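All remarks here apply to the structure that follows.
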2 protein chains.
Amino acid sequence: MDLAAGVLGGDRLQLARVISYIEDDEPAGAEALAALYAHAGHAYRVGVTGPPGTGKSTLVNRLALHLRAQGWGEGDSLEGERPRVAIVAVDPSSPFTGGAILGDRIRMRDLSGDPGIFIRSMATRGQLGGLARTTADVVTALDAAGFGVVLIETVGAGQAEVDIAKTAQTTIVVDAPGLGDDVQANKAGILEIADIVVVNKTDLPGAENTLRALRLSLEMNAPRAAKDVGKDELPPEPVWSVPVLGTVATKGEGVPALAQALAQHRAFLQSSAALQEQERAQIRDRLERLLAERLLARFMSQGNELRIEEQLDRVLAREITPYQAAQALLQAEEHLSQKR
Amino acid sequence: MDLAAGVLGGDRLQLARVISYIEDDEPAGAEALAALYAHAGHAYRVGVTGPPGTGKSTLVNRLALHLRAQGWGEGDSLEGERPRVAIVAVDPSSPFTGGAILGDRIRMRDLSGDPGIFIRSMATRGQLGGLARTTADVVTALDAAGFGVVLIETVGAGQAEVDIAKTAQTTIVVDAPGLGDDVQANKAGILEIADIVVVNKTDLPGAENTLRALRLSLEMNAPRAAKDVGKDELPPEPVWSVPVLGTVATKGEGVPALAQALAQHRAFLQSSAALQEQERAQIRDRLERLLAERLLARFMSQGNELRIEEQLDRVLAREITPYQAAQALLQAEEHLSQKR
């Protein structure tokens with residue numbers, strides 16, 4: 001409880017400690033989270049993802065500095081607000097090492113000196129769905145600590161990154177001109193999670209082509225386009241049209257427009273039922289993952305270890321498939337629990 | 001059973017059909033798999049992963065063509081063998097669309113005409129751990145169909161890619177000169193899963209630096225180095241020293257050396273206990289994931305949907321944390337099952 005009180009009181013050292021406990025899966029982390037959870041729910045969570053080499057970290061740094069200095073921008077309800085900003089940089093591609101330490105130091109230098117900015121790097125620990133869960137908990141702690149904006153940055157463009165981006169309310173997908181064919185092929189999938197698309201490094205050759213291709217790609221897919229308006233009596237649902245913005249993060253170009261697009265998307269979410277639906281779906285997803293983990297742990301602790309080894313032997317001998325093994329284990333357990 | 005018989009008899013159309021059933025999670029897929037499983041276990045499974053833009057697809061195509069034309073290389077037990085080769089190209093970054101179709105067509109053109117090569121693209125369907133499981137099942141079908149080598153290529157460098165690579169016996173990590181700083185920072189993690197490292201595009205500037213940096217990085221980490229030899233009476237365990245090879249896949253340069261390195265790693269695995277241990281660990285991992293999924297499905301079907309909604313409401317109101325909700329749901333179920 002002392003730790004949680006420290007976090008709520010704005011103590012950065014206590015906050016860093018709670019985050020470490022959460023990462024290390026220590027009981028003190030769970031305890032602090034339980035106390036902090038009621039105080040969270042106010043931060044605006046923004047996911048930033050995209051392929052490597054697009055300059056995401058620089059963009060995130062610049063966005064944080066801009067929000068601190070100038071706030072959201074003109075002409076909307078958030079005008080004048082200068083939120084405290086936390087950055088969580090997640091590296092799912094370092095499943096075994098700590099990762100991203102050098103990058104972290106460089107970032108600290110850029111952003112240090114402002115107590116309204118907090119930055120933390122994380123790497124996966126290899127458990128089933130572990131990183132997405134740990135990230136969500138760390139975001140909760142930052143949220144409770146009073147950061148108005150939490151920027152969740154993931155390096156890469158794989159499933160883990162998508163999972164993490166999905167814990168955000170607004171997802172920015174970052175691209176850059178001149179990346180390889182692989183990256184081009186990847187775009188279709190990752191664009192579908194984008195609320196805002198940024199082409200960074202627009203001072204490089206080919207930027208216009210990249211911007212055009214992305215706009216075209218979004219138009220073609222446009223899953224939220226209200227094509228069927230007028231077909232029935234219901235009023236058309238409000239539609240968010242995904243903007244494609246150009247930036248040069250190293251020079252700060254385009255960053256104010258990005259901040260404004262974020263404020264607009266947030267206002268859009270608040271004006272529709274989307275925010276509540278999104279929140280419920282995200283928490284349902286988390287709860288189901290937690291349940292799956294705990295059900296497995298309980299199953300393992302109920303004397304099934306030996307039975308699992310027996311089934312493993314049979315699978316290795318190719319007498320049965322892994323599916324049949326799982327089936328057999330579950331049936332044996334049901335049989336036993338009926339006897340009890 | 002007809003389907004499985006067709007696959008075992010070498011019918012490519014039936015094979016393609018079984019793979020589609022597996023991907024779509026249809027009962028016919030599970031049925032065919034159960035019949036095929038006993039016939040699998042002979043293929044050499046090779047994972048190929050690494051960041052986008054490194055030319056993995058081209059390398060995999062070239063490797064497949066080389067193995068078909070020249071076999072493994074000189075001087076080892078596999079000399080003269082020209083295995084049939086299947087390629088499974090997995091794109092975990094396309095969680096919503098089919099993905100990679102264009103790339104697939106280009107590849108078909110390069111590789112078509114050889115009935116000893118089979119190629120299939122896959123995209124994730126978004127379930128918990130779904131892609132890794134589906135990939136493993138598809139590999140089993142290809143294995144049973146008699147392909148001597150299955151090349152499992154993943155686009156990207158995230159957790160999902162690592163999971164998929166882990167279903168292989170040998171993992172190749174592909175890099176290229178001149179990728180951004182992001183990619184450099186990612187290397188430490190992904191190198192730890194490498195059995196063979198390839199620097200592709202060594203005709204680009206900076207190739208020597210990339211090769212040197214990777215060799216240094218591997219030496220520094222060398223988790224399998226036999227530093228402590230002589231400390232006790234046990235004979236030292238055989239050590240695999242991860243080679244760093246240069247290739248220019250577009251021209252086929254370095255591909256024969258890669259094939260030979262694969263044959264050597266396979267021989268190394270077979271000479272030690274590593275292969276059995278790896279196989280058991282992989283199947284244990286799969287079995288645990290399956291159990292977690294099925295335990296959750298069973299839990300859901302036992303009338304817990306309503307209870308879950310109640311707990312969700314409480315979490316959304318921030319009365320309790322998701323952990324407390326999971327705990328409450330499990331305790332309620334235990335209480336009920338004791339009453340029964």
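How things are named: the first chain in the structure tokens is A, the next is B, and so on; residues count from 1 in each chain; ligands count from 1 in the order shown.
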Got a sec: who's within 9 Å of A:Arg284, counting only C-alpha atoms, leaving out chain neighbours fewer than 5 positions off, as a ChimeraX atom specification? /A:279,289 /B:308-309,312,322
Selection: 6 Å around B:Val90, only C-alpha atoms, excl. self and same-chain fewer than 5 positions, as a count of residues only: 5
Pick the closest to A:Val315 from B:Gln282, B:Thr135, B:Thr210, B:Thr167: which is it, counting only C-alpha atoms?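 With only C-alpha atoms as the atom set, the closest residue is B:Gln282.
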Determine the nearest neighbour of chain B from the options A:Ala35, A:Leu65, A:Ala267, A:Val46, counting only C-alpha atoms.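 Of the candidates, the smallest distance to chain B is held by A:Ala35.
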Find the residues around stretch 198-206 of chain A up to 8 Å (only C-alpha atoms counted), leave out those fewer than 4 positions away in its own chain, and share them as a count of residues only. 18
Closest to chain A among B:Glu334, B:Ala326, B:Ala261, B:Arg68, using only C-alpha atoms? B:Ala326
Contacts of B:Asp2 at 9 Å or less, counting only C-alpha atoms, minus same-chain residues fewer than 4 places along, as an MDAnalysis selection string? chainID B and resid 6:7 32
Can I get the selected residues back with N, CA, C and O atoms, as a PDB file, in the first residue's frame?
ATOM      1  N   GLY B   6      -4.952 -39.784 -50.053  1.00  0.00           N
ATOM      2  CA  GLY B   6      -4.507 -38.995 -51.200  1.00  0.00           C
ATOM      3  C   GLY B   6      -3.189 -38.286 -50.918  1.00  0.00           C
ATOM      4  O   GLY B   6      -2.273 -38.292 -51.738  1.00  0.00           O
ATOM      5  N   VAL B   7      -3.094 -37.678 -49.730  1.00  0.00           N
ATOM      6  CA  VAL B   7      -1.873 -36.969 -49.351  1.00  0.00           C
ATOM      7  C   VAL B   7      -0.692 -37.940 -49.308  1.00  0.00           C
ATOM      8  O   VAL B   7       0.388 -37.660 -49.836  1.00  0.00           O
ATOM      9  N   ALA B  32      -8.029 -35.631 -41.009  1.00  0.00           N
ATOM     10  CA  ALA B  32      -6.898 -35.982 -41.873  1.00  0.00           C
ATOM     11  C   ALA B  32      -5.596 -35.982 -41.078  1.00  0.00           C
ATOM     12  O   ALA B  32      -4.766 -36.887 -41.209  1.00  0.00           O
TER      13      ALA B  32
END
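Using only C-alpha atoms, the nearest neighbour of chain B within the list A:Ala64, A:Ile196, A:Val149, A:Ala132 is A:Ala132.
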Distance criterion (only C-alpha atoms): nearest to chain A out of B:Ala38, B:Ala168, B:Leu8, B:Ile119: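 Checking each candidate against chain A, we get B:Ala38 as the closest.
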Point out the residue among B:Gly53, B:Pro115, B:Gly47, B:Pro238 with the least atom-to-atom distance to chain A, counting only C-alpha atoms. B:Gly53
Considering only C-alpha atoms, return as a list in words whatever protein or nucleic-acid residues lie within 10 Å of A:Leu269, sequence-local ones (same chain, fewer than 3 positions apart) excluded.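 With the cut-off at 10 Å, the set is Gln169, Thr170, Pro238, Trp240, Ala263, Gln264, His265, Arg266, Ser272, Ala273, Ala274, Leu275, Gln276 and Gln278 of chain A.
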Could you name the residues that touch A:Ala69 at 10 Å or less, counting only C-alpha atoms, but leaving out those on the same chain fewer than 3 positions away, as a VMD selection string? chain A and resid 63 to 66 72 81 to 83
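Near B:Ser337, within 10 Å and counting only C-alpha atoms, sit Ser337 and Gln338 of chain A; Gln331 and Ala332 of chain B; same-chain residues fewer than 5 positions away were not included.
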For the residues in the current selection, export all heavy atoms as a tab-separated table (two decimals), in the first residue's frame.
chain	number	residue	atom	x	y	z
A	337	SER	N	-12.96	-36.13	-11.66
A	337	SER	CA	-13.70	-35.16	-10.85
A	337	SER	C	-15.14	-35.62	-10.63
A	337	SER	O	-15.78	-35.23	-9.66
A	337	SER	CB	-13.65	-33.76	-11.49
A	337	SER	OG	-14.60	-33.65	-12.51
A	338	GLN	N	-15.65	-36.48	-11.53
A	338	GLN	CA	-16.99	-37.03	-11.30
A	338	GLN	C	-16.97	-38.06	-10.17
A	338	GLN	O	-17.92	-38.20	-9.41
A	338	GLN	CB	-17.53	-37.67	-12.58
A	338	GLN	CG	-18.19	-36.65	-13.50
A	338	GLN	CD	-18.37	-37.18	-14.90
A	338	GLN	OE1	-18.15	-38.35	-15.15
A	338	GLN	NE2	-18.76	-36.31	-15.81
B	331	GLN	N	-12.81	-19.23	-8.46
B	331	GLN	CA	-13.28	-19.66	-7.14
B	331	GLN	C	-14.76	-20.04	-7.18
B	331	GLN	O	-15.16	-21.03	-6.59
B	331	GLN	CB	-13.03	-18.57	-6.10
B	331	GLN	CG	-11.59	-18.62	-5.59
B	331	GLN	CD	-11.21	-17.41	-4.76
B	331	GLN	OE1	-12.00	-16.47	-4.63
B	331	GLN	NE2	-10.00	-17.41	-4.22
B	332	ALA	N	-15.55	-19.25	-7.92
B	332	ALA	CA	-16.98	-19.56	-8.04
B	332	ALA	C	-17.16	-20.93	-8.67
B	332	ALA	O	-18.00	-21.73	-8.24
B	332	ALA	CB	-17.67	-18.48	-8.88
Figure out the distance between atom CA of B:His39 and atom CA of B:Thr140, please, to one decimal in Å. 8.8 Å
Can you work out the spacing between atom CA of B:Thr49 and atom CA of B:Leu191 in Å, to one decimal?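 Pair atom CA of B:Thr49 / atom CA of B:Leu191 returns 10.3 Å.
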